[in-house]
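The structure appears below as structure tokens.
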Amino acid sequence: MTTDTGEPTLTIDELAARAGITVRTVRFYSTKGLLPPPVIGPRRVGHYGPQHVARLALIEELQHQGMTLAAIERYMEQLPAGLSHHDLAIHRAVVASWAPDTVETVTPEELRRRAGRALSGDEVERLAAMGVVRADGDAYRVDSGLLRLGVQLLDVPLSEEAILAARTVLIEHSRAAAHELSQLFRGEVSERAEADVKSLSAHMQPLVVQALLTTFQRSLKEEVLGWLTDAQDGRPA
């Protein structure tokens, strides 16, 4: 069975195996509303798609950040409706960026396993150009937090130069935003008790991630719509 976009679906057993969790955990997350219901096919078999995989990956990343189940529920409830699995992957990548550096040395076989697909020599070179992997003798140094996003970018119809230029823009503006936000929060906590500082720190990351993503997505949508309108009207972009 496939989705409306032609992508193959998964049974609950296949979904659990893909996410590295148990079927019982998948069902538990479903009862908590963290996963949308599956599409029911013949013989009342539930079929799961890319959005379910992406949601489980996001939940896993939030757990790695130390968030409780209740906090994860609140975070997922605040996500805009109708997010695609690509949007969810962006959320996961931004959440992962709060984590400490997770660079590991892996074998070529382990790199392919973590990427979830075979990688050609050219694709490994593109990942290296994006700063996701780096050759280390017969092994690779891999930034685990960026690997999934980097692999997805391999299928985006953009040149390597455009991807690298976009990466530079995002890094520069993200660093500027992080600096200004850190100065703002530092001023807020400078006179607070230690308990208040810890409370702010615990709530700050998911709130800032949500705010940045929402603002960025809306701004990018406006820019793309403006570009398409200009193109249809024959005006220079």
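Ligands are numbered from 1 in the order shown, residues from 1 within each chain, and chains are lettered A, B, ... in the order they appear in the structure tokens.
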Apply DSSP to the backbone of this structure and, from region 19-236 of chain A, keep only the residues in strand (DSSP E); write these as a PyMOL selection string. chain A and resi 39-40+46-47+103-106+133-136+139-143
Neighbour list for Gly82 (chain A) as a PyMOL selection string, cut-off 12 Å, only C-alpha atoms, skip fewer than 5 positions in-chain: chain A and resi 36+51+87-88
I'd like the contact shell of Val106 (chain A) - 8 Å cut-off, only C-alpha atoms, skipping same-chain residues fewer than 2 positions apart - returned as an MDAnalysis selection string. chainID A and resid 104 108:111 139:142
DSSP on the backbone: what in region 19-93 of chain A comes out alpha helix (DSSP H), as a PyMOL selection string? chain A and resi 19+23-31+50-64+69-77+85-93
I'd like the contact shell of Glu125 (chain A) - 12 Å cut-off, only C-alpha atoms, skipping same-chain residues fewer than 2 positions apart - returned as a PyMOL selection string. chain A and resi 119-123+127-135+140+150-151+154+160
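Between Ala19 (chain A) and the candidates A:Gly116, A:Ile72, A:Arg43, A:Leu158, the tightest atom-to-atom separation, counting only C-alpha atoms, involves A:Gly116.
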What separation in Å, quoted to one decimal, exists between CA of Leu10 (chain A) and CA of Val23 (chain A)? 12.4 Å
Extract, using only C-alpha atoms, all DNA, RNA and protein residues at most 12 Å from Arg27 (chain A), discarding same-chain residues fewer than 3 positions from it, and format them as a PyMOL selection string. chain A and resi 12-13+15-16+21-24+30-38+46+52+56
Residues as selected, N, CA and C atoms, written as a compact mmCIF listing (two decimals), in the first residue's frame, can you do that?
# COMPACT_ATOMS: atom_id res chain seq x y z
N ILE A 12 2.44 -1.36 11.67
CA ILE A 12 2.88 -0.90 12.98
C ILE A 12 4.18 -1.59 13.39
N ASP A 13 4.35 -2.85 12.98
CA ASP A 13 5.60 -3.55 13.29
C ASP A 13 6.78 -2.94 12.54
N LEU A 15 6.91 0.16 11.40
CA LEU A 15 7.14 1.50 11.94
C LEU A 15 7.97 1.42 13.21
N ALA A 16 7.62 0.50 14.10
CA ALA A 16 8.36 0.34 15.35
C ALA A 16 9.81 -0.03 15.08
N ILE A 21 11.88 1.29 18.35
CA ILE A 21 11.10 1.19 19.59
C ILE A 21 10.18 -0.03 19.48
N THR A 22 9.41 -0.27 20.52
CA THR A 22 8.50 -1.41 20.50
C THR A 22 7.13 -1.00 19.96
N VAL A 23 6.38 -2.00 19.52
CA VAL A 23 5.00 -1.75 19.07
C VAL A 23 4.18 -1.19 20.22
N ARG A 24 4.44 -1.67 21.42
CA ARG A 24 3.71 -1.17 22.59
C ARG A 24 3.94 0.32 22.78
N SER A 30 0.34 6.80 20.54
CA SER A 30 -0.92 7.07 19.83
C SER A 30 -2.03 7.42 20.81
N THR A 31 -2.09 6.70 21.94
CA THR A 31 -3.13 6.99 22.94
C THR A 31 -2.92 8.37 23.57
N LYS A 32 -1.67 8.84 23.58
CA LYS A 32 -1.36 10.16 24.13
C LYS A 32 -1.57 11.28 23.11
N GLY A 33 -1.94 10.90 21.88
CA GLY A 33 -2.16 11.91 20.86
C GLY A 33 -0.89 12.42 20.21
N LEU A 34 0.24 11.75 20.45
CA LEU A 34 1.50 12.19 19.87
C LEU A 34 1.65 11.75 18.42
N LEU A 35 0.85 10.77 18.01
CA LEU A 35 0.87 10.29 16.63
C LEU A 35 -0.54 10.36 16.06
N PRO A 36 -0.68 10.79 14.81
CA PRO A 36 -2.01 10.77 14.19
C PRO A 36 -2.42 9.33 13.92
N PRO A 37 -3.70 9.07 13.81
CA PRO A 37 -4.15 7.69 13.57
C PRO A 37 -3.67 7.20 12.21
N PRO A 38 -3.46 5.89 12.08
CA PRO A 38 -3.03 5.35 10.79
C PRO A 38 -4.19 5.31 9.80
N GLY A 46 -3.70 -1.18 10.02
CA GLY A 46 -3.30 0.21 10.02
C GLY A 46 -2.03 0.42 9.22
N HIS A 52 4.48 9.78 10.37
CA HIS A 52 4.61 9.04 11.62
C HIS A 52 6.08 8.80 11.96
N LEU A 56 8.00 10.34 15.31
CA LEU A 56 8.73 9.50 16.26
C LEU A 56 10.18 9.97 16.40
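If you look at CA of Gln65 (chain A) and CA of Gln152 (chain A), they are 22.4 Å away from each other.
From CA of Thr105 (chain A) back to CA of Leu164 (chain A), the distance works out to 23.4 Å.
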